[in-house]
$ cat model_15.txt   # compact mmCIF, C-alpha atoms
# COMPACT_ATOMS: atom_id res chain seq x y z
CA MET A 1 -38.95 21.63 88.92
CA THR A 2 -36.42 20.35 86.40
CA ASP A 3 -36.71 17.08 84.51
CA THR A 4 -34.01 15.62 86.75
CA ASP A 5 -35.95 16.59 89.88
CA ARG A 6 -39.13 15.10 88.43
CA PHE A 7 -37.36 11.87 87.58
CA GLU A 8 -35.78 11.69 91.03
CA ALA A 9 -39.20 12.14 92.65
CA PHE A 10 -40.55 9.45 90.33
CA VAL A 11 -37.82 7.00 91.37
CA ARG A 12 -38.38 7.81 95.06
CA GLU A 13 -42.09 7.13 94.69
CA PHE A 14 -41.80 3.77 92.98
CA GLN A 15 -38.43 2.36 94.04
CA ASP A 16 -39.81 0.22 96.88
CA MET A 17 -42.51 -1.27 94.66
CA VAL A 18 -40.09 -2.11 91.85
CA PHE A 19 -37.47 -3.48 94.22
CA ALA A 20 -40.07 -5.58 96.09
CA THR A 21 -41.27 -7.12 92.84
CA ALA A 22 -37.72 -7.89 91.76
CA VAL A 23 -36.39 -9.19 95.06
CA ARG A 24 -39.29 -11.60 95.53
CA LEU A 25 -39.00 -12.92 92.00
CA LEU A 26 -35.22 -13.21 92.02
CA GLY A 27 -34.70 -14.08 95.68
CA GLY A 28 -31.56 -11.96 95.98
CA ALA A 29 -31.15 -8.27 96.84
CA ALA A 30 -28.11 -7.64 94.65
CA GLU A 31 -29.72 -8.97 91.47
CA ALA A 32 -32.96 -7.19 92.36
CA GLU A 33 -31.14 -3.87 92.66
CA ASP A 34 -29.56 -4.38 89.24
CA VAL A 35 -32.93 -5.18 87.69
CA ALA A 36 -34.61 -2.24 89.46
CA GLN A 37 -31.95 0.09 88.05
CA THR A 38 -32.59 -1.24 84.54
CA VAL A 39 -36.33 -0.77 85.00
CA PHE A 40 -35.89 2.89 85.95
CA LEU A 41 -33.50 3.50 83.06
CA ARG A 42 -36.16 2.13 80.71
CA ALA A 43 -38.60 4.55 82.33
CA PHE A 44 -36.09 7.39 81.91
CA GLU A 45 -35.82 6.71 78.17
CA ARG A 46 -39.55 7.35 77.77
CA PHE A 47 -40.10 9.56 80.78
CA ASP A 48 -42.21 12.04 78.83
CA ALA A 49 -44.88 9.36 78.46
CA VAL A 50 -44.33 7.27 81.58
CA GLY A 51 -43.70 10.11 84.04
CA THR A 52 -47.17 11.55 83.78
CA SER A 53 -49.07 8.36 83.06
CA PRO A 54 -51.59 7.14 85.63
CA GLN A 55 -50.56 3.63 84.60
CA ALA A 56 -46.91 4.25 85.54
CA ALA A 57 -47.02 1.82 88.47
CA GLY A 58 -48.50 -0.95 86.33
CA TRP A 59 -45.99 -0.28 83.56
CA LEU A 60 -43.08 -0.44 86.01
CA LYS A 61 -44.37 -3.68 87.55
CA THR A 62 -44.77 -5.28 84.13
CA VAL A 63 -41.28 -4.24 83.02
CA ALA A 64 -39.80 -5.39 86.33
CA THR A 65 -41.54 -8.76 86.07
CA ASN A 66 -40.46 -9.27 82.46
CA LEU A 67 -36.86 -8.30 83.18
CA CYS A 68 -36.76 -10.68 86.16
CA LEU A 69 -38.12 -13.52 84.05
CA ASN A 70 -35.57 -12.72 81.34
CA TYR A 71 -32.86 -12.73 83.98
CA LEU A 72 -34.00 -16.08 85.30
CA SER A 73 -34.40 -17.54 81.82
CA ARG A 74 -30.62 -17.52 81.47
CA TYR A 75 -30.76 -20.37 83.96
CA ARG A 76 -34.00 -21.78 82.61
CA ALA A 77 -32.50 -25.05 81.38
CA ARG A 78 -31.06 -25.80 84.79
CA TRP A 79 -34.22 -24.55 86.44
CA GLN A 80 -36.47 -26.90 84.46
CA PHE A 81 -34.07 -29.78 84.97
CA PHE A 82 -34.10 -29.44 88.74
CA SER A 83 -37.83 -28.93 88.93
CA GLU A 84 -38.46 -32.21 87.12
CA LEU A 85 -36.40 -34.18 89.60
CA ASP A 86 -37.73 -35.70 92.78
CA PRO A 87 -38.53 -33.17 95.49
CA PRO A 88 -35.46 -33.85 97.64
CA ALA A 89 -33.23 -32.79 94.80
CA ALA A 90 -35.32 -29.75 94.02
CA GLY A 91 -34.19 -27.62 96.92
CA SER A 92 -31.31 -26.18 95.02
CA ARG A 93 -30.98 -23.09 97.18
CA ALA A 94 -29.69 -23.10 100.66
CA GLY A 95 -32.59 -22.80 103.04
CA VAL A 96 -36.01 -24.22 102.37
CA SER A 97 -36.34 -27.55 100.67
CA ASP A 98 -39.82 -28.61 99.77
CA SER A 99 -40.13 -32.06 101.28
CA SER A 100 -36.95 -33.01 103.05
CA GLY A 101 -37.80 -30.69 105.92
CA SER A 102 -34.14 -30.06 106.67
CA PHE A 103 -34.63 -26.31 106.74
CA ALA A 104 -37.68 -26.65 108.97
CA ALA A 105 -35.86 -29.07 111.23
CA SER A 106 -32.93 -26.72 111.49
CA LEU A 107 -35.20 -23.97 112.65
CA ALA A 108 -37.47 -25.93 114.95
CA SER A 109 -35.47 -26.09 118.12
CA PRO A 110 -34.27 -22.51 118.47
CA VAL A 111 -37.48 -20.97 117.23
CA THR A 112 -39.79 -22.72 119.65
CA ALA A 113 -37.84 -21.25 122.52
CA ILE A 114 -38.32 -17.70 121.34
CA ASP A 115 -41.47 -15.67 121.48
CA LEU A 116 -41.44 -14.22 118.00
CA ASP A 117 -43.22 -10.95 117.48
CA GLU A 118 -45.03 -10.06 114.30
CA ALA A 119 -42.01 -8.42 112.69
CA ASP A 120 -39.92 -11.51 113.27
CA ARG A 121 -42.68 -13.67 111.89
CA HIS A 122 -42.83 -11.56 108.74
CA ALA A 123 -39.08 -11.53 108.40
CA ARG A 124 -38.85 -15.31 108.66
CA LEU A 125 -41.67 -15.87 106.22
CA GLU A 126 -40.12 -13.42 103.77
CA ARG A 127 -36.79 -15.19 104.14
CA ALA A 128 -38.43 -18.57 103.65
CA LEU A 129 -40.15 -17.29 100.52
CA ARG A 130 -36.90 -15.96 99.09
CA GLY A 131 -35.19 -19.19 100.03
CA LEU A 132 -37.48 -21.31 97.91
CA PRO A 133 -35.92 -22.68 94.74
CA ASP A 134 -36.55 -20.53 91.67
CA HIS A 135 -39.01 -22.90 90.06
CA GLN A 136 -41.27 -22.76 93.14
CA ARG A 137 -40.77 -19.17 94.23
CA VAL A 138 -41.35 -17.52 90.85
CA PRO A 139 -44.79 -18.99 90.10
CA LEU A 140 -45.77 -18.56 93.75
CA VAL A 141 -44.86 -14.86 93.69
CA LEU A 142 -46.58 -14.33 90.34
CA PHE A 143 -49.73 -15.95 91.73
CA HIS A 144 -49.92 -14.29 95.14
CA PHE A 145 -48.29 -10.90 94.56
CA GLU A 146 -48.85 -10.21 90.88
CA ALA A 147 -52.36 -11.73 90.80
CA MET A 148 -51.60 -13.83 87.73
CA SER A 149 -53.66 -16.94 86.97
CA TYR A 150 -52.11 -20.39 86.57
CA ASP A 151 -52.60 -20.13 82.79
CA GLN A 152 -50.92 -16.74 82.63
CA ILE A 153 -48.02 -18.00 84.72
CA ALA A 154 -47.60 -21.07 82.50
CA ALA A 155 -47.57 -18.83 79.42
CA ALA A 156 -45.14 -16.35 80.97
CA LEU A 157 -42.73 -19.06 82.06
CA GLY A 158 -43.14 -21.21 78.96
CA VAL A 159 -43.96 -24.33 80.98
CA SER A 160 -46.98 -26.59 81.23
CA LEU A 161 -49.98 -25.78 83.37
CA GLY A 162 -49.45 -28.98 85.33
CA LYS A 163 -45.89 -28.03 86.17
CA VAL A 164 -46.99 -24.62 87.41
CA LYS A 165 -49.59 -26.20 89.70
CA THR A 166 -47.12 -28.74 91.01
CA ASP A 167 -44.42 -26.18 91.67
CA ILE A 168 -46.82 -23.80 93.40
CA HIS A 169 -48.18 -26.63 95.52
CA ARG A 170 -44.68 -27.67 96.59
CA GLY A 171 -43.79 -24.09 97.36
CA ARG A 172 -46.89 -23.71 99.49
CA GLU A 173 -46.12 -26.92 101.35
CA ALA A 174 -42.64 -25.61 102.14
CA LEU A 175 -44.04 -22.31 103.39
CA LYS A 176 -46.73 -24.16 105.37
CA LYS A 177 -43.99 -25.90 107.34
CA GLU A 178 -42.41 -22.56 108.05
CA LEU A 179 -45.75 -21.13 109.16
CA SER A 180 -46.51 -24.07 111.42
CA ILE A 181 -43.13 -23.65 113.09
CA LEU A 182 -43.80 -19.97 113.58
CA ASP A 183 -47.28 -20.68 114.99
CA ARG A 184 -45.96 -23.28 117.39
CA SER A 185 -43.43 -20.83 118.66
CA ARG A 186 -46.09 -18.29 119.66
CA MET B 1 -53.81 -31.91 106.97
CA ILE B 2 -54.83 -28.58 105.48
CA ASP B 3 -57.03 -28.63 102.42
CA PRO B 4 -55.14 -27.21 99.39
CA VAL B 5 -57.77 -24.53 98.91
CA ASP B 6 -57.51 -23.52 102.55
CA LEU B 7 -53.74 -23.54 102.30
CA GLU B 8 -53.92 -21.26 99.28
CA GLN B 9 -56.14 -18.83 101.18
CA VAL B 10 -54.12 -18.96 104.38
CA LEU B 11 -50.86 -18.40 102.52
CA ASP B 12 -52.37 -15.70 100.36
CA ARG B 13 -53.40 -13.82 103.50
CA GLU B 14 -50.06 -14.36 105.19
CA LEU B 15 -48.03 -13.34 102.16
CA LYS B 16 -50.08 -10.22 101.52
CA GLN B 17 -49.56 -9.15 105.12
CA LEU B 18 -45.82 -9.14 104.58
CA PRO B 19 -44.42 -5.62 104.62
CA ARG B 20 -43.07 -4.48 101.28
CA PRO B 21 -39.28 -4.84 101.12
CA GLN B 22 -37.57 -1.46 101.11
CA ALA B 23 -35.29 -0.54 98.26
CA PRO B 24 -31.66 -0.20 99.38
CA ARG B 25 -30.43 3.36 99.85
CA THR B 26 -27.92 2.85 97.08
CA LEU B 27 -30.60 2.35 94.43
CA LEU B 28 -31.61 5.99 93.97
CA PRO B 29 -28.06 7.36 93.57
CA ARG B 30 -27.22 4.49 91.21
CA VAL B 31 -30.25 5.20 89.04
CA MET B 32 -29.65 8.96 89.00
CA ALA B 33 -25.98 8.49 88.12
CA ALA B 34 -26.83 6.07 85.32
CA ALA B 35 -29.59 8.35 84.06
CA GLY B 36 -27.13 11.25 84.01
CA ARG B 37 -24.84 9.22 81.75
CA ALA B 38 -27.68 8.11 79.49
CA PRO B 39 -27.87 10.17 76.30
CA ALA B 40 -30.91 12.38 75.97
CA PRO B 41 -33.38 11.36 73.28
CA TRP B 42 -32.45 12.83 69.87
CA TYR B 43 -35.35 15.27 69.81
CA ARG B 44 -34.08 16.86 73.03
CA ARG B 45 -30.62 17.46 71.58
CA PRO B 46 -29.69 20.51 69.50
CA TRP B 47 -30.46 20.19 65.78
CA ILE B 48 -26.78 19.83 64.98
CA ALA B 49 -26.68 16.61 67.06
CA TRP B 50 -29.77 15.04 65.54
CA PRO B 51 -29.36 11.85 63.48
CA ALA B 52 -28.56 12.69 59.85
CA VAL B 53 -31.84 11.21 58.66
CA TRP B 54 -33.83 13.53 60.91
CA GLN B 55 -31.71 16.52 59.93
CA VAL B 56 -32.38 15.89 56.23
CA ALA B 57 -36.05 15.20 56.91
CA SER B 58 -36.46 18.39 58.93
CA VAL B 59 -34.81 20.49 56.19
CA ILE B 60 -37.06 18.92 53.56
CA LEU B 61 -40.10 19.48 55.75
CA ILE B 62 -39.31 23.14 56.39
CA ALA B 63 -38.45 23.73 52.73
CA GLY B 64 -41.66 22.03 51.69
CA PHE B 65 -43.64 24.10 54.15
CA ALA B 66 -42.05 27.33 52.97
CA GLY B 67 -42.51 26.38 49.34
CA GLY B 68 -46.11 25.38 49.99
CA LEU B 69 -46.82 28.81 51.44
CA ALA B 70 -46.05 30.35 48.03
CA PHE B 71 -48.96 28.48 46.51
CA VAL B 72 -51.47 29.30 49.21
CA PRO B 73 -54.03 31.79 47.78
CA VAL B 74 -53.96 35.08 49.65
CA PRO B 75 -57.39 35.96 51.12
CA SER B 76 -58.96 39.10 49.62
CA ARG B 77 -59.09 40.75 53.03
CA LEU B 78 -55.34 40.45 53.30
CA VAL B 79 -55.04 42.01 49.84
CA ASP B 80 -57.06 45.02 51.08
CA ILE B 81 -54.84 45.34 54.10
CA GLY B 82 -51.85 45.14 51.81
CA ARG B 83 -53.14 48.02 49.69
CA THR B 84 -53.70 50.10 52.80
CA LEU B 85 -50.18 49.48 53.85
CA SER B 86 -48.75 50.12 50.38
CA GLY B 87 -48.14 53.80 51.22
CA ALA B 88 -46.11 52.84 54.23
CA ALA B 89 -44.41 50.19 52.18
CA ALA B 90 -43.34 52.76 49.59
CA LEU B 91 -41.71 54.83 52.31
CA ILE B 92 -39.95 51.81 53.72
CA ARG B 93 -38.80 50.86 50.22
CA VAL B 94 -37.18 54.24 49.74
CA VAL B 95 -35.44 54.06 53.09
CA SER B 96 -34.34 50.54 52.27
CA GLN B 97 -32.92 51.53 48.87
CA VAL B 98 -31.02 54.46 50.30
CA PHE B 99 -29.70 53.06 53.56
CA LEU B 100 -30.03 49.26 53.67
CA GLN B 101 -29.40 47.90 50.19
CA PRO B 102 -25.82 49.12 49.99
CA ILE B 103 -24.90 47.10 53.06
CA ALA B 104 -27.37 44.21 52.64
CA MET B 105 -24.89 41.93 50.93
CA TYR B 106 -22.28 42.51 53.64
CA VAL B 107 -24.85 41.81 56.38
CA LEU B 108 -25.96 38.61 54.63
CA VAL B 109 -22.38 37.38 54.21
CA LEU B 110 -21.60 38.24 57.84
CA ALA B 111 -24.71 36.42 59.09
CA ILE B 112 -23.91 33.30 57.06
CA SER B 113 -20.28 33.36 58.21
CA LEU B 114 -21.26 33.67 61.85
CA SER B 115 -23.79 30.84 61.51
CA VAL B 116 -21.21 28.55 59.93
CA ALA B 117 -18.65 29.46 62.59
CA CYS B 118 -21.14 28.76 65.38
CA ALA B 119 -22.08 25.41 63.85
CA ALA B 120 -18.42 24.45 63.44
CA LEU B 121 -17.58 25.50 67.00
CA TRP B 122 -20.55 23.58 68.40
CA SER B 123 -19.60 20.46 66.43
CA ALA B 124 -16.02 20.70 67.66
CA LEU B 125 -17.13 21.14 71.28
CA ASN B 126 -19.59 18.29 70.92
CA ARG B 127 -16.96 15.95 69.53
CA PHE B 128 -13.91 16.84 71.59
CA ALA B 129 -15.21 18.25 74.86
CA PHE B 130 -18.76 17.07 75.63
CA GLY B 131 -18.37 13.82 73.73
CA GLU B 132 -15.25 12.79 75.63
CA ALA B 133 -16.81 13.80 78.93
CA SER B 134 -19.84 11.65 78.30
CA HIS B 135 -17.68 8.59 77.69
CA GLN B 136 -15.87 8.88 81.01

$ encode --input "model_15.txt" --output "structure tokens"
Amino acid sequence: MTDTDRFEAFVREFQDMVFATAVRLLGGAAEAEDVAQTVFLRAFERFDAVGTSPQAAGWLKTVATNLCLNYLSRYRARWQFFSELDPPAAGSRAGVSDSSGSFAASLASPVTAIDLDEADRHARLERALRGLPDHQRVPLVLFHFEAMSYDQIAAALGVSLGKVKTDIHRGREALKKELSILDRSR
Amino acid sequence: MIDPVDLEQVLDRELKQLPRPQAPRTLLPRVMAAAGRAPAPWYRRPWIAWPAVWQVASVILIAGFAGGLAFVPVPSRLVDIGRTLSGAAALIRVVSQVFLQPIAMYVLVLAISLSVACAALWSALNRFAFGEASHQ
């Protein structure tokens, strides 16, 4: 097996994990694919060490998370600005807004008429998660998927602990609405 | 009204049940193409393409190693073996003086010339053929 074959097998093994980390943090598939490519090129540069390491998955996740946060930090000023505003203004992305309920309201009528199966339920929740504004989605993903504590998230994002808790709470409230709609539709 | 702690647990369970998003099919070919364009690390390249600092360092290291060998005391057992072989060495010396020494200088010059030509050819290929290809 050549080095190229080994690297290809390595990418095949971990591509879903890296992409999942990136797409949930960034909320968009195109940016996530770019970041995932950069992650694997970093791995390629030190493939002698990373390729055989039992910690390869952890290393890839850490690099993916850091690259996503770096990517988002380009918009950090705007991100912090929006997150300090009142909740109605915080829903900067199309889709879920944390307290206005417009997204939930837009979904309520058609969804209740449809008997959603589990796959649909997952798809809608995933979409709702990705539709959260950056300042809510990122700490929420770091907490629930990357098992980071509030303190670690605050340190990683360079924001206060209180802001992390507030943003996560608002994100959860937005997802709760989505869940309640999905449950009502069953 | 759901308690925040309950909400955290409910959402944690729901989110962790989500299937992992699949990487798009385009990711693997993109990564492999980009990796193919990425330069190999210097230690994987031929010596002639190493960074100048490492070339100089490697020459110094090898010279130092070779020079250091001259000062290493020869074990007495090796000296005994050397004496045993001295008869054979004398024979080889005679053969060498008769047949090899007359052409030794020519062989040395030829070997050096070929080495220099190979190095020059490799550098030229690296710069004009492989180098240009890697920038495309």

$ interface_residues --input "model_15.txt" --of "chain B" --to "chain A" --cutoff "9 Å" --atoms "all atoms listed in the file" --output "list in words"
Pro4, Leu7, Glu8, Leu11, Asp12, Glu14, Leu15, Lys16, Gln17, Leu18, Pro19, Arg20, Pro21, Gln22, Ala23, Pro24, Thr26, Leu27, Leu28, Arg30, Val31, Met32, Ala34, Ala35, Gly36, Ala38, Pro39, Ala40 and Pro41 of chain B

$ atom_distance --input "model_15.txt" --atom1 "CA of Gly51 (chain A)" --atom2 "CA of Ala156 (chain A)"
26.7 Å

$ closest_residue --input "model_15.txt" --among "A:Gln136, A:Ser180, A:Thr52, A:Thr65" --to "Val164 (chain A)" --atoms "all atoms listed in the file"
A:Gln136

$ atom_distance --input "model_15.txt" --atom1 "CA of Gly28 (chain A)" --atom2 "CA of Leu142 (chain A)"
16.2 Å

$ atom_distance --input "model_15.txt" --atom1 "CA of Ala117 (chain B)" --atom2 "CA of Ser58 (chain B)"
21.3 Å

$ residues_near_point --input "model_15.txt" --point "(-40.2, -13.7, 84.6)" --cutoff "9 Å" --atoms "all atoms listed in the file" --output "list of chain:residue names"
A:Leu25, A:Leu26, A:Ala64, A:Thr65, A:Asn66, A:Leu67, A:Cys68, A:Leu69, A:Asn70, A:Tyr71, A:Leu72, A:Ser73, A:Val138, A:Pro139, A:Leu142, A:Ile153, A:Ala156, A:Leu157

$ residues_around --input "model_15.txt" --residues "Ala119 (chain B)" --least-positions-apart "6" --cutoff "10 Å" --atoms "all atoms listed in the file" --output "list in words"
Ile48, Ser113 and Leu125 of chain B

$ closest_residue --input "model_15.txt" --among "A:Glu146, A:Leu161, A:Gly131, A:Arg6" --to "Phe47 (chain A)" --atoms "all atoms listed in the file"
A:Arg6

$ axis_aligned_box --input "model_15.txt" --around "region 129-141 of chain A" --padding-each-side "5 Å" --output "AutoDock Vina command-line options"
--center_x -40.5 --center_y -18.9 --center_z 95.3 --size_x 20.6 --size_y 18.0 --size_z 20.5

$ build_atoms --input "model_15.txt" --residues "region 51-62 of chain B" --atoms "N, CA and C atoms" --output "PDB file, in the frame of the given file"
ATOM      1  N   PRO B  51     -29.790  12.809  64.504  1.00  0.00           N
ATOM      2  CA  PRO B  51     -29.360  11.850  63.480  1.00  0.00           C
ATOM      3  C   PRO B  51     -29.514  12.456  62.086  1.00  0.00           C
ATOM      4  N   ALA B  52     -28.584  12.085  61.191  1.00  0.00           N
ATOM      5  CA  ALA B  52     -28.560  12.690  59.850  1.00  0.00           C
ATOM      6  C   ALA B  52     -29.911  12.559  59.145  1.00  0.00           C
ATOM      7  N   VAL B  53     -30.543  11.426  59.328  1.00  0.00           N
ATOM      8  CA  VAL B  53     -31.840  11.210  58.660  1.00  0.00           C
ATOM      9  C   VAL B  53     -32.846  12.255  59.091  1.00  0.00           C
ATOM     10  N   TRP B  54     -32.869  12.543  60.398  1.00  0.00           N
ATOM     11  CA  TRP B  54     -33.830  13.530  60.910  1.00  0.00           C
ATOM     12  C   TRP B  54     -33.447  14.943  60.502  1.00  0.00           C
ATOM     13  N   GLN B  55     -32.131  15.198  60.398  1.00  0.00           N
ATOM     14  CA  GLN B  55     -31.710  16.520  59.930  1.00  0.00           C
ATOM     15  C   GLN B  55     -32.203  16.757  58.505  1.00  0.00           C
ATOM     16  N   VAL B  56     -31.958  15.756  57.635  1.00  0.00           N
ATOM     17  CA  VAL B  56     -32.380  15.890  56.230  1.00  0.00           C
ATOM     18  C   VAL B  56     -33.912  16.015  56.175  1.00  0.00           C
ATOM     19  N   ALA B  57     -34.591  15.178  56.939  1.00  0.00           N
ATOM     20  CA  ALA B  57     -36.050  15.200  56.910  1.00  0.00           C
ATOM     21  C   ALA B  57     -36.591  16.544  57.380  1.00  0.00           C
ATOM     22  N   SER B  58     -35.950  17.107  58.420  1.00  0.00           N
ATOM     23  CA  SER B  58     -36.460  18.390  58.930  1.00  0.00           C
ATOM     24  C   SER B  58     -36.240  19.505  57.915  1.00  0.00           C
ATOM     25  N   VAL B  59     -35.074  19.460  57.213  1.00  0.00           N
ATOM     26  CA  VAL B  59     -34.810  20.490  56.190  1.00  0.00           C
ATOM     27  C   VAL B  59     -35.830  20.367  55.058  1.00  0.00           C
ATOM     28  N   ILE B  60     -36.083  19.129  54.627  1.00  0.00           N
ATOM     29  CA  ILE B  60     -37.060  18.920  53.560  1.00  0.00           C
ATOM     30  C   ILE B  60     -38.444  19.399  53.995  1.00  0.00           C
ATOM     31  N   LEU B  61     -38.776  19.091  55.231  1.00  0.00           N
ATOM     32  CA  LEU B  61     -40.100  19.480  55.750  1.00  0.00           C
ATOM     33  C   LEU B  61     -40.256  20.995  55.773  1.00  0.00           C
ATOM     34  N   ILE B  62     -39.226  21.673  56.286  1.00  0.00           N
ATOM     35  CA  ILE B  62     -39.310  23.140  56.390  1.00  0.00           C
ATOM     36  C   ILE B  62     -39.319  23.751  54.990  1.00  0.00           C
TER      37      ILE B  62
END
